[in-house]
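A.B. asks: Below is model13.cif; it holds mmCIF, N, CA and C atoms and all ligand atoms.
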```cif
data_input
loop_
_atom_site.label_atom_id
_atom_site.label_comp_id
_atom_site.auth_asym_id
_atom_site.auth_seq_id
_atom_site.Cartn_x
_atom_site.Cartn_y
_atom_site.Cartn_z
N MET A 1 81.09 74.67 119.34
CA MET A 1 82.00 75.57 118.60
C MET A 1 82.61 76.59 119.55
N LYS A 2 83.86 76.93 119.30
CA LYS A 2 84.65 77.71 120.25
C LYS A 2 85.16 79.00 119.60
N GLU A 3 85.34 80.04 120.41
CA GLU A 3 85.98 81.28 119.94
C GLU A 3 87.49 81.03 119.80
N LEU A 4 88.11 81.73 118.86
CA LEU A 4 89.55 81.62 118.65
C LEU A 4 90.23 82.68 119.54
N THR A 5 90.94 82.24 120.57
CA THR A 5 91.43 83.23 121.54
C THR A 5 92.92 83.13 121.88
N SER A 6 93.62 82.10 121.41
CA SER A 6 94.98 81.91 121.91
C SER A 6 95.91 81.29 120.87
N ALA A 7 97.21 81.30 121.21
CA ALA A 7 98.20 80.64 120.35
C ALA A 7 97.92 79.14 120.27
N ASP A 8 97.43 78.55 121.35
CA ASP A 8 97.09 77.11 121.32
C ASP A 8 95.97 76.84 120.31
N ASP A 9 95.01 77.75 120.23
CA ASP A 9 93.94 77.61 119.24
C ASP A 9 94.51 77.67 117.82
N LEU A 10 95.44 78.61 117.62
CA LEU A 10 96.07 78.74 116.29
C LEU A 10 96.85 77.48 115.93
N LEU A 11 97.51 76.90 116.94
CA LEU A 11 98.28 75.68 116.70
C LEU A 11 97.36 74.55 116.25
N LEU A 12 96.25 74.39 116.93
CA LEU A 12 95.26 73.37 116.56
C LEU A 12 94.77 73.61 115.13
N LEU A 13 94.44 74.87 114.85
CA LEU A 13 93.91 75.23 113.53
C LEU A 13 94.92 74.93 112.43
N PHE A 14 96.19 75.35 112.63
CA PHE A 14 97.17 75.18 111.55
C PHE A 14 97.68 73.76 111.43
N ARG A 15 97.68 73.00 112.53
CA ARG A 15 97.99 71.57 112.37
C ARG A 15 96.94 70.90 111.47
N ALA A 16 95.67 71.23 111.72
CA ALA A 16 94.59 70.66 110.90
C ALA A 16 94.70 71.15 109.45
N PHE A 17 95.01 72.44 109.29
CA PHE A 17 95.13 73.01 107.94
C PHE A 17 96.24 72.30 107.15
N TYR A 18 97.42 72.12 107.77
CA TYR A 18 98.52 71.50 107.03
C TYR A 18 98.29 70.01 106.79
N ALA A 19 97.54 69.35 107.69
CA ALA A 19 97.18 67.96 107.44
C ALA A 19 96.33 67.87 106.16
N ARG A 20 95.41 68.81 106.01
CA ARG A 20 94.54 68.84 104.81
C ARG A 20 95.33 69.27 103.58
N ALA A 21 96.16 70.31 103.73
CA ALA A 21 96.95 70.80 102.60
C ALA A 21 97.88 69.69 102.07
N GLY A 22 98.36 68.85 102.99
CA GLY A 22 99.25 67.75 102.60
C GLY A 22 98.57 66.71 101.74
N LYS A 23 97.24 66.69 101.75
CA LYS A 23 96.50 65.74 100.92
C LYS A 23 95.84 66.41 99.72
N ASP A 24 96.04 67.71 99.60
CA ASP A 24 95.35 68.47 98.55
C ASP A 24 96.09 68.36 97.21
N GLU A 25 95.29 68.17 96.17
CA GLU A 25 95.85 68.01 94.82
C GLU A 25 96.78 69.16 94.43
N PHE A 26 96.33 70.41 94.65
CA PHE A 26 97.11 71.57 94.21
C PHE A 26 98.19 71.95 95.22
N LEU A 27 97.87 71.85 96.51
CA LEU A 27 98.76 72.43 97.53
C LEU A 27 99.83 71.47 98.03
N SER A 28 99.56 70.17 98.02
CA SER A 28 100.49 69.23 98.65
C SER A 28 101.93 69.34 98.13
N PRO A 29 102.16 69.55 96.82
CA PRO A 29 103.56 69.61 96.37
C PRO A 29 104.36 70.74 97.03
N PHE A 30 103.68 71.84 97.39
CA PHE A 30 104.40 72.96 97.99
C PHE A 30 104.88 72.63 99.41
N PHE A 31 104.15 71.75 100.08
CA PHE A 31 104.46 71.50 101.49
C PHE A 31 105.17 70.15 101.71
N ALA A 32 105.46 69.46 100.61
CA ALA A 32 106.00 68.10 100.70
C ALA A 32 107.31 68.04 101.49
N THR A 33 108.18 69.03 101.32
CA THR A 33 109.48 68.96 101.98
C THR A 33 109.57 69.88 103.20
N LEU A 34 108.43 70.48 103.56
CA LEU A 34 108.44 71.44 104.68
C LEU A 34 108.51 70.71 106.02
N ASN A 35 109.43 71.15 106.87
CA ASN A 35 109.49 70.63 108.24
C ASN A 35 108.45 71.37 109.08
N LEU A 36 107.35 70.70 109.34
CA LEU A 36 106.21 71.33 110.00
C LEU A 36 106.55 71.83 111.40
N GLU A 37 107.34 71.07 112.12
CA GLU A 37 107.66 71.45 113.51
C GLU A 37 108.51 72.73 113.56
N THR A 38 109.30 72.97 112.51
CA THR A 38 110.06 74.22 112.42
C THR A 38 109.18 75.36 111.93
N HIS A 39 108.27 75.03 111.01
CA HIS A 39 107.43 76.05 110.38
C HIS A 39 106.32 76.54 111.31
N LEU A 40 105.72 75.64 112.06
CA LEU A 40 104.54 76.01 112.87
C LEU A 40 104.79 77.20 113.81
N PRO A 41 105.92 77.25 114.54
CA PRO A 41 106.13 78.43 115.41
C PRO A 41 106.12 79.74 114.63
N HIS A 42 106.61 79.72 113.36
CA HIS A 42 106.61 80.95 112.56
C HIS A 42 105.20 81.37 112.20
N ILE A 43 104.41 80.39 111.76
CA ILE A 43 103.05 80.73 111.31
C ILE A 43 102.18 81.14 112.52
N ILE A 44 102.42 80.51 113.67
CA ILE A 44 101.65 80.86 114.87
C ILE A 44 102.01 82.28 115.32
N SER A 45 103.32 82.60 115.32
CA SER A 45 103.70 83.95 115.77
C SER A 45 103.19 85.00 114.78
N PHE A 46 103.17 84.65 113.48
CA PHE A 46 102.62 85.56 112.47
C PHE A 46 101.16 85.88 112.80
N TRP A 47 100.37 84.83 113.03
CA TRP A 47 98.93 85.04 113.23
C TRP A 47 98.61 85.61 114.61
N GLU A 48 99.38 85.24 115.63
CA GLU A 48 99.07 85.82 116.95
C GLU A 48 99.45 87.30 116.98
N SER A 49 100.41 87.69 116.13
CA SER A 49 100.75 89.11 116.03
C SER A 49 99.66 89.88 115.29
N LEU A 50 99.13 89.29 114.21
CA LEU A 50 98.06 89.95 113.46
C LEU A 50 96.77 90.05 114.27
N LEU A 51 96.40 88.94 114.92
CA LEU A 51 95.07 88.88 115.56
C LEU A 51 95.06 89.40 116.99
N PHE A 52 96.16 89.15 117.72
CA PHE A 52 96.16 89.47 119.16
C PHE A 52 97.22 90.52 119.50
N GLY A 53 97.91 91.08 118.47
CA GLY A 53 98.93 92.10 118.73
C GLY A 53 100.10 91.59 119.55
N ALA A 54 100.44 90.30 119.39
CA ALA A 54 101.47 89.70 120.25
C ALA A 54 102.87 90.26 119.96
N GLY A 55 103.09 90.70 118.72
CA GLY A 55 104.41 91.25 118.37
C GLY A 55 105.53 90.23 118.40
N THR A 56 105.20 88.96 118.18
CA THR A 56 106.21 87.91 118.27
C THR A 56 106.80 87.52 116.91
N TYR A 57 106.21 88.01 115.82
CA TYR A 57 106.69 87.59 114.50
C TYR A 57 107.82 88.50 114.02
N SER A 58 108.96 87.89 113.68
CA SER A 58 110.07 88.69 113.17
C SER A 58 110.60 88.09 111.88
N GLY A 59 109.77 87.29 111.20
CA GLY A 59 110.21 86.64 109.97
C GLY A 59 110.10 87.53 108.75
N ASP A 60 110.38 86.94 107.62
CA ASP A 60 110.32 87.64 106.34
C ASP A 60 109.31 86.90 105.47
N MET A 61 108.05 87.28 105.65
CA MET A 61 106.96 86.56 105.01
C MET A 61 107.07 86.63 103.48
N MET A 62 107.36 87.82 102.97
CA MET A 62 107.43 87.96 101.51
C MET A 62 108.63 87.18 100.96
N GLY A 63 109.78 87.33 101.63
CA GLY A 63 110.98 86.60 101.20
C GLY A 63 110.76 85.10 101.17
N ALA A 64 110.04 84.59 102.17
CA ALA A 64 109.76 83.15 102.24
C ALA A 64 108.99 82.71 100.99
N HIS A 65 108.01 83.51 100.58
CA HIS A 65 107.20 83.11 99.41
C HIS A 65 107.93 83.35 98.10
N ILE A 66 108.84 84.33 98.08
CA ILE A 66 109.66 84.50 96.87
C ILE A 66 110.47 83.22 96.65
N ARG A 67 111.02 82.67 97.74
CA ARG A 67 111.80 81.43 97.62
C ARG A 67 110.91 80.25 97.22
N VAL A 68 109.70 80.18 97.82
CA VAL A 68 108.76 79.11 97.43
C VAL A 68 108.49 79.20 95.93
N HIS A 69 108.18 80.42 95.48
CA HIS A 69 107.79 80.63 94.07
C HIS A 69 108.93 80.30 93.12
N GLU A 70 110.17 80.55 93.56
CA GLU A 70 111.33 80.23 92.71
C GLU A 70 111.47 78.72 92.50
N SER A 71 111.16 77.95 93.53
CA SER A 71 111.33 76.50 93.37
C SER A 71 110.10 75.84 92.76
N ARG A 72 108.93 76.46 92.95
CA ARG A 72 107.71 75.94 92.34
C ARG A 72 106.72 77.10 92.19
N ALA A 73 106.39 77.45 90.95
CA ALA A 73 105.58 78.64 90.71
C ALA A 73 104.17 78.48 91.27
N MET A 74 103.74 79.43 92.08
CA MET A 74 102.37 79.42 92.62
C MET A 74 101.44 80.07 91.60
N GLN A 75 100.29 79.47 91.39
CA GLN A 75 99.31 79.99 90.44
C GLN A 75 98.08 80.52 91.18
N THR A 76 97.27 81.26 90.46
CA THR A 76 96.06 81.83 91.07
C THR A 76 95.21 80.74 91.73
N ARG A 77 95.05 79.62 91.06
CA ARG A 77 94.23 78.54 91.61
C ARG A 77 94.81 78.00 92.93
N ASP A 78 96.14 78.07 93.10
CA ASP A 78 96.76 77.60 94.35
C ASP A 78 96.37 78.55 95.49
N PHE A 79 96.38 79.85 95.22
CA PHE A 79 95.98 80.81 96.26
C PHE A 79 94.50 80.65 96.60
N GLU A 80 93.68 80.45 95.57
CA GLU A 80 92.24 80.26 95.82
C GLU A 80 92.01 79.02 96.67
N GLN A 81 92.74 77.94 96.36
CA GLN A 81 92.58 76.70 97.11
C GLN A 81 93.08 76.85 98.55
N TRP A 82 94.20 77.58 98.72
CA TRP A 82 94.77 77.84 100.04
C TRP A 82 93.73 78.55 100.91
N VAL A 83 93.11 79.60 100.35
CA VAL A 83 92.10 80.37 101.10
C VAL A 83 90.88 79.49 101.41
N LYS A 84 90.42 78.75 100.43
CA LYS A 84 89.24 77.89 100.62
C LYS A 84 89.49 76.88 101.76
N LEU A 85 90.67 76.27 101.72
CA LEU A 85 91.00 75.26 102.74
C LEU A 85 91.14 75.89 104.13
N LEU A 86 91.74 77.07 104.19
CA LEU A 86 91.89 77.72 105.50
C LEU A 86 90.53 78.17 106.03
N HIS A 87 89.68 78.66 105.17
CA HIS A 87 88.32 79.06 105.59
C HIS A 87 87.55 77.85 106.11
N GLN A 88 87.61 76.75 105.37
CA GLN A 88 86.90 75.54 105.79
C GLN A 88 87.42 75.04 107.13
N THR A 89 88.73 74.99 107.27
CA THR A 89 89.33 74.46 108.51
C THR A 89 88.95 75.36 109.69
N THR A 90 89.01 76.68 109.47
CA THR A 90 88.62 77.62 110.54
C THR A 90 87.17 77.37 110.95
N ASP A 91 86.29 77.27 109.97
CA ASP A 91 84.86 77.08 110.27
C ASP A 91 84.58 75.74 110.96
N ASP A 92 85.43 74.75 110.71
CA ASP A 92 85.22 73.44 111.35
C ASP A 92 85.54 73.47 112.85
N PHE A 93 86.38 74.44 113.26
CA PHE A 93 86.80 74.45 114.66
C PHE A 93 86.36 75.68 115.45
N PHE A 94 86.23 76.83 114.76
CA PHE A 94 86.07 78.09 115.49
C PHE A 94 84.95 78.96 114.92
N GLU A 95 84.47 79.84 115.79
CA GLU A 95 83.49 80.85 115.37
C GLU A 95 83.85 82.17 116.07
N GLY A 96 83.15 83.22 115.69
CA GLY A 96 83.32 84.49 116.39
C GLY A 96 84.21 85.48 115.68
N GLU A 97 84.47 86.59 116.39
CA GLU A 97 85.12 87.75 115.79
C GLU A 97 86.52 87.44 115.27
N LYS A 98 87.35 86.75 116.08
CA LYS A 98 88.74 86.50 115.67
C LYS A 98 88.81 85.48 114.54
N ALA A 99 87.90 84.53 114.55
CA ALA A 99 87.86 83.54 113.46
C ALA A 99 87.51 84.25 112.15
N THR A 100 86.57 85.17 112.21
CA THR A 100 86.17 85.94 111.02
C THR A 100 87.32 86.83 110.57
N GLU A 101 88.00 87.46 111.55
CA GLU A 101 89.12 88.33 111.20
C GLU A 101 90.24 87.52 110.52
N LEU A 102 90.52 86.34 111.05
CA LEU A 102 91.56 85.49 110.44
C LEU A 102 91.21 85.18 108.99
N LYS A 103 89.96 84.82 108.74
CA LYS A 103 89.55 84.48 107.37
C LYS A 103 89.66 85.70 106.45
N ASN A 104 89.25 86.87 106.95
CA ASN A 104 89.33 88.08 106.12
C ASN A 104 90.77 88.47 105.81
N ARG A 105 91.63 88.44 106.85
CA ARG A 105 93.03 88.83 106.63
C ARG A 105 93.71 87.84 105.70
N ALA A 106 93.42 86.54 105.87
CA ALA A 106 94.01 85.52 105.00
C ALA A 106 93.64 85.78 103.54
N GLN A 107 92.38 86.11 103.32
CA GLN A 107 91.89 86.40 101.96
C GLN A 107 92.62 87.62 101.38
N GLN A 108 92.75 88.68 102.20
CA GLN A 108 93.40 89.91 101.72
C GLN A 108 94.88 89.66 101.38
N ILE A 109 95.58 88.94 102.26
CA ILE A 109 97.01 88.69 102.04
C ILE A 109 97.20 87.78 100.82
N ALA A 110 96.33 86.77 100.70
CA ALA A 110 96.40 85.87 99.54
C ALA A 110 96.19 86.65 98.25
N GLN A 111 95.27 87.63 98.29
CA GLN A 111 95.03 88.46 97.09
C GLN A 111 96.29 89.24 96.71
N LEU A 112 96.96 89.79 97.74
CA LEU A 112 98.20 90.54 97.48
C LEU A 112 99.29 89.63 96.91
N LEU A 113 99.45 88.45 97.54
CA LEU A 113 100.48 87.52 97.07
C LEU A 113 100.16 87.04 95.66
N SER A 114 98.90 86.74 95.42
CA SER A 114 98.49 86.27 94.09
C SER A 114 98.81 87.32 93.03
N LEU A 115 98.48 88.56 93.33
CA LEU A 115 98.74 89.65 92.39
C LEU A 115 100.24 89.79 92.14
N LYS A 116 101.00 89.70 93.22
CA LYS A 116 102.46 89.85 93.08
C LYS A 116 103.07 88.72 92.24
N PHE A 117 102.65 87.48 92.52
CA PHE A 117 103.33 86.35 91.89
C PHE A 117 102.73 85.93 90.56
N THR A 118 101.45 86.19 90.35
CA THR A 118 100.83 85.72 89.10
C THR A 118 100.41 86.88 88.21
N GLY A 119 100.37 88.08 88.79
CA GLY A 119 99.90 89.23 88.02
C GLY A 119 98.40 89.23 87.83
N LYS A 120 97.74 88.26 88.45
CA LYS A 120 96.28 88.16 88.29
C LYS A 120 95.59 88.27 89.64
N ILE A 121 94.37 88.76 89.62
CA ILE A 121 93.58 88.85 90.84
C ILE A 121 92.82 87.54 91.02
N MET A 122 92.91 86.97 92.21
CA MET A 122 92.21 85.69 92.46
C MET A 122 90.74 85.94 92.74
N ASN A 123 89.95 84.90 92.64
CA ASN A 123 88.51 85.00 92.94
C ASN A 123 88.27 85.11 94.43
C1 LIG B 1 99.40 79.25 97.31
C2 LIG B 1 99.38 79.67 98.58
C3 LIG B 1 100.56 79.46 99.52
C4 LIG B 1 101.53 78.52 99.51
C5 LIG B 1 101.71 77.35 98.52
C6 LIG B 1 102.41 78.78 100.63
C7 LIG B 1 103.53 78.04 100.95
C8 LIG B 1 104.40 78.33 101.98
C9 LIG B 1 105.60 77.57 102.28
C10 LIG B 1 106.09 76.32 101.53
C11 LIG B 1 106.20 78.17 103.33
C12 LIG B 1 107.51 77.74 104.03
C13 LIG B 1 108.67 78.49 103.46
C14 LIG B 1 109.95 78.02 104.12
O1 LIG B 1 110.12 78.20 105.33
O2 LIG B 1 110.80 77.45 103.42
C15 LIG B 1 105.37 79.30 103.72
C16 LIG B 1 105.64 80.14 104.76
C17 LIG B 1 104.75 81.05 105.26
N1 LIG B 1 103.53 81.35 104.73
FE1 LIG B 1 102.76 80.66 103.01
N2 LIG B 1 101.95 79.87 101.30
C18 LIG B 1 100.82 80.32 100.68
C19 LIG B 1 100.04 81.40 101.04
C20 LIG B 1 100.17 82.08 102.22
C21 LIG B 1 99.29 83.13 102.68
C22 LIG B 1 98.07 83.64 101.90
C23 LIG B 1 99.75 83.53 103.90
C24 LIG B 1 99.21 84.57 104.86
C25 LIG B 1 97.94 84.91 104.93
C26 LIG B 1 100.93 82.75 104.19
C27 LIG B 1 101.70 82.87 105.33
C28 LIG B 1 102.93 82.30 105.53
C29 LIG B 1 103.83 82.62 106.63
C30 LIG B 1 103.57 83.62 107.76
C31 LIG B 1 104.96 81.84 106.46
C32 LIG B 1 106.21 81.80 107.37
C33 LIG B 1 107.27 82.73 106.84
C34 LIG B 1 108.48 82.70 107.80
O3 LIG B 1 109.16 81.67 107.84
O4 LIG B 1 108.66 83.67 108.51
N3 LIG B 1 101.15 81.88 103.17
N4 LIG B 1 104.30 79.37 102.87
#
```
What would the structure in this file look like if it were written as structure tokens?

C.D. replies:
Amino acid sequence: MKELTSADDLLLLFRAFYARAGKDEFLSPFFATLNLETHLPHIISFWESLLFGAGTYSGDMMGAHIRVHESRAMQTRDFEQWVKLLHQTTDDFFEGEKATELKNRAQQIAQLLSLKFTGKIMN
């Protein structure tokens, strides 16, 4: 098991995450038309900015999900499944402080998004 220390680690993690999400009963419809090669640099810069202070993310995270929600409504169970899958994928590849921080931040952000889009607090 390895510590999560770089953008390359994040790339490995999120490739594995999206491979699993693509087969997931609840999540796959959201990612069916997503161009992964275009999306991955955004998600990597988002996470390397949060975890390593890289300052490379200049996207509009909330706006992106407003558009997702308009075309397909996200429900509390979708956020719960997203977090569960990301936690599992992280634990399958990484350990240590940054891996734990990624899981905690993902949970917190998912809670905020869930509250915003569903009006309900996720588990
Ligand atoms: C039900 C849960 C979620 C679903 C179905 C979902 C789905 C998506 C989709 C389809 C996109 C691509 C939008 C586009 O470019 O057209 C996206 C972008 C993104 N998502 Fe999520 N998402 C979820 C939760 C989260 C959470 C909890 C986080 C953060 C912890 C997150 C972080 C991001 C980021 C950083 C982007 C890139 C935004 C940009 O292009 O700058 N997502 N999401």

A.B. asks: Of the residues A:Met61, A:Lys84, A:Thr89, A:Leu115, which is the one nearest to ligand LIG 1 (chain B), using only C-alpha atoms and all ligand atoms?

C.D. replies: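 Nearest candidate to ligand LIG 1 (chain B) out of A:Met61, A:Lys84, A:Thr89, A:Leu115: A:Met61.
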
A.B. asks: From the list A:Ala106, A:Thr90, A:Gly96, A:Ser28, which residue is nearest Ala16 in chain A when using all atoms listed in the file?

C.D. replies: A:Thr90

A.B. asks: Got a sec to check which residues lie within 9 Å of ligand LIG 1 (chain B), using only C-alpha atoms and all ligand atoms, and send them as an MDAnalysis selection string?

C.D. replies: chainID A and resid 26:36 38:47 57:69 72:83 102:103 105:114

A.B. asks: Could you check how far CA of Phe52 in chain A sits from CA of Ser6 in chain A, in Å to one decimal?

C.D. replies: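 Between these atoms lies a distance of 8.1 Å.
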
A.B. asks: Between CA of Lys2 in chain A and atom N of Lys98 in chain A, what is the spacing in Å?

C.D. replies: 10.3 Å

A.B. asks: Record the distance separating atom N of Glu37 in chain A and atom C of Glu95 in chain A, expressed in Å with one decimal.

C.D. replies: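 Atom-to-atom, atom N of Glu37 in chain A to atom C of Glu95 in chain A, that is 26.3 Å.
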
A.B. asks: Can you list, as a PyMOL selection string, all residues belonging to range 2-112 of chain A that DSSP tags as strand (DSSP E)?

C.D. replies: chain A and resi 2-3+94-95

A.B. asks: Include N, CA and C atoms and write out the residues we just selected as a PDB file, keeping the file's coordinate frame.

C.D. replies:
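Once everything was written out, this is part_12.pdb:
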```pdb
ATOM      1  N   LYS A   2      83.860  76.930 119.300  1.00  0.00           N
ATOM      2  CA  LYS A   2      84.650  77.710 120.250  1.00  0.00           C
ATOM      3  C   LYS A   2      85.160  79.000 119.600  1.00  0.00           C
ATOM      4  N   GLU A   3      85.340  80.040 120.410  1.00  0.00           N
ATOM      5  CA  GLU A   3      85.980  81.280 119.940  1.00  0.00           C
ATOM      6  C   GLU A   3      87.490  81.030 119.800  1.00  0.00           C
ATOM      7  N   PHE A  94      86.230  76.830 114.760  1.00  0.00           N
ATOM      8  CA  PHE A  94      86.070  78.090 115.490  1.00  0.00           C
ATOM      9  C   PHE A  94      84.950  78.960 114.920  1.00  0.00           C
ATOM     10  N   GLU A  95      84.470  79.840 115.790  1.00  0.00           N
ATOM     11  CA  GLU A  95      83.490  80.850 115.370  1.00  0.00           C
ATOM     12  C   GLU A  95      83.850  82.170 116.070  1.00  0.00           C
TER      13      GLU A  95
END
```

A.B. asks: For each of A:Ile121, A:Phe93, A:Arg15, A:Ser49, take the minimum atom-to-atom distance to Met1 in chain A, counting only N, CA and C atoms, then give the residue where this is smallest.

C.D. replies: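 Using only N, CA and C atoms, the shortest distance to Met1 in chain A belongs to A:Phe93.
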
A.B. asks: With DSSP run on the backbone, what are the alpha helix (DSSP H) residues within range 9-53 of chain A? I'd like them as a PyMOL selection string.

C.D. replies: chain A and resi 9-21+28-31+36-52

A.B. asks: Counting only C-alpha atoms, which of A:Glu25, A:His87, A:Asp8, A:Glu48 gets nearest to Asn104 in chain A?

C.D. replies: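 For Asn104 in chain A, the nearest of the given residues is A:His87.
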
A.B. asks: Counting only N, CA and C atoms, which of A:Leu13, A:Leu51, A:Leu4, A:Met122 gets nearest to Ala99 in chain A?

C.D. replies: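 For Ala99 in chain A, the nearest of the given residues is A:Leu4.
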
A.B. asks: Complete range 13-21 of chain A with all heavy atoms (output as a CSV table (one decimal), in the coordinates of the input).

C.D. replies:
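Written output follows (result38.csv):
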```
chain,number,residue,atom,x,y,z
A,13,LEU,N,94.4,74.9,114.8
A,13,LEU,CA,93.9,75.2,113.5
A,13,LEU,C,94.9,74.9,112.4
A,13,LEU,O,94.6,74.3,111.4
A,13,LEU,CB,93.5,76.7,113.5
A,13,LEU,CG,93.2,77.4,112.2
A,13,LEU,CD1,92.1,76.7,111.4
A,13,LEU,CD2,92.8,78.8,112.4
A,14,PHE,N,96.2,75.4,112.6
A,14,PHE,CA,97.2,75.2,111.6
A,14,PHE,C,97.7,73.8,111.4
A,14,PHE,O,98.0,73.3,110.3
A,14,PHE,CB,98.3,76.2,111.6
A,14,PHE,CG,97.8,77.5,111.1
A,14,PHE,CD1,97.3,78.5,111.9
A,14,PHE,CD2,97.8,77.8,109.7
A,14,PHE,CE1,96.8,79.7,111.4
A,14,PHE,CE2,97.3,78.9,109.2
A,14,PHE,CZ,96.8,79.9,110.0
A,15,ARG,N,97.7,73.0,112.5
A,15,ARG,CA,98.0,71.6,112.4
A,15,ARG,C,96.9,70.9,111.5
A,15,ARG,O,97.3,70.1,110.6
A,15,ARG,CB,98.0,70.9,113.7
A,15,ARG,CG,99.3,71.0,114.5
A,15,ARG,CD,99.5,70.0,115.6
A,15,ARG,NE,100.6,70.2,116.4
A,15,ARG,CZ,101.9,70.0,116.1
A,15,ARG,NH1,102.2,69.5,114.9
A,15,ARG,NH2,102.8,70.3,117.0
A,16,ALA,N,95.7,71.2,111.7
A,16,ALA,CA,94.6,70.7,110.9
A,16,ALA,C,94.7,71.2,109.4
A,16,ALA,O,94.5,70.4,108.5
A,16,ALA,CB,93.2,71.0,111.5
A,17,PHE,N,95.0,72.4,109.3
A,17,PHE,CA,95.1,73.0,107.9
A,17,PHE,C,96.2,72.3,107.2
A,17,PHE,O,96.0,71.9,106.0
A,17,PHE,CB,95.4,74.5,108.0
A,17,PHE,CG,95.8,75.1,106.7
A,17,PHE,CD1,94.8,75.4,105.8
A,17,PHE,CD2,97.1,75.5,106.4
A,17,PHE,CE1,95.1,76.0,104.5
A,17,PHE,CE2,97.4,76.1,105.2
A,17,PHE,CZ,96.5,76.3,104.3
A,18,TYR,N,97.4,72.1,107.8
A,18,TYR,CA,98.5,71.5,107.0
A,18,TYR,C,98.3,70.0,106.8
A,18,TYR,O,98.8,69.5,105.8
A,18,TYR,CB,99.9,71.8,107.7
A,18,TYR,CG,100.3,73.2,107.5
A,18,TYR,CD1,100.4,74.1,108.6
A,18,TYR,CD2,100.6,73.7,106.3
A,18,TYR,CE1,100.8,75.4,108.5
A,18,TYR,CE2,101.0,75.0,106.1
A,18,TYR,CZ,101.1,75.8,107.2
A,18,TYR,OH,101.5,77.1,107.0
A,19,ALA,N,97.5,69.4,107.7
A,19,ALA,CA,97.2,68.0,107.4
A,19,ALA,C,96.3,67.9,106.2
A,19,ALA,O,96.5,67.0,105.3
A,19,ALA,CB,96.4,67.4,108.6
A,20,ARG,N,95.4,68.8,106.0
A,20,ARG,CA,94.5,68.8,104.8
A,20,ARG,C,95.3,69.3,103.6
A,20,ARG,O,95.2,68.7,102.5
A,20,ARG,CB,93.4,69.8,105.0
A,20,ARG,CG,92.4,69.2,106.1
A,20,ARG,CD,91.3,70.2,106.4
A,20,ARG,NE,90.5,69.8,107.6
A,20,ARG,CZ,89.4,70.3,108.0
A,20,ARG,NH1,88.8,71.2,107.2
A,20,ARG,NH2,88.8,69.8,109.0
A,21,ALA,N,96.2,70.3,103.7
A,21,ALA,CA,97.0,70.8,102.6
A,21,ALA,C,97.9,69.7,102.1
A,21,ALA,O,98.1,69.6,100.9
A,21,ALA,CB,97.8,72.0,103.0
```
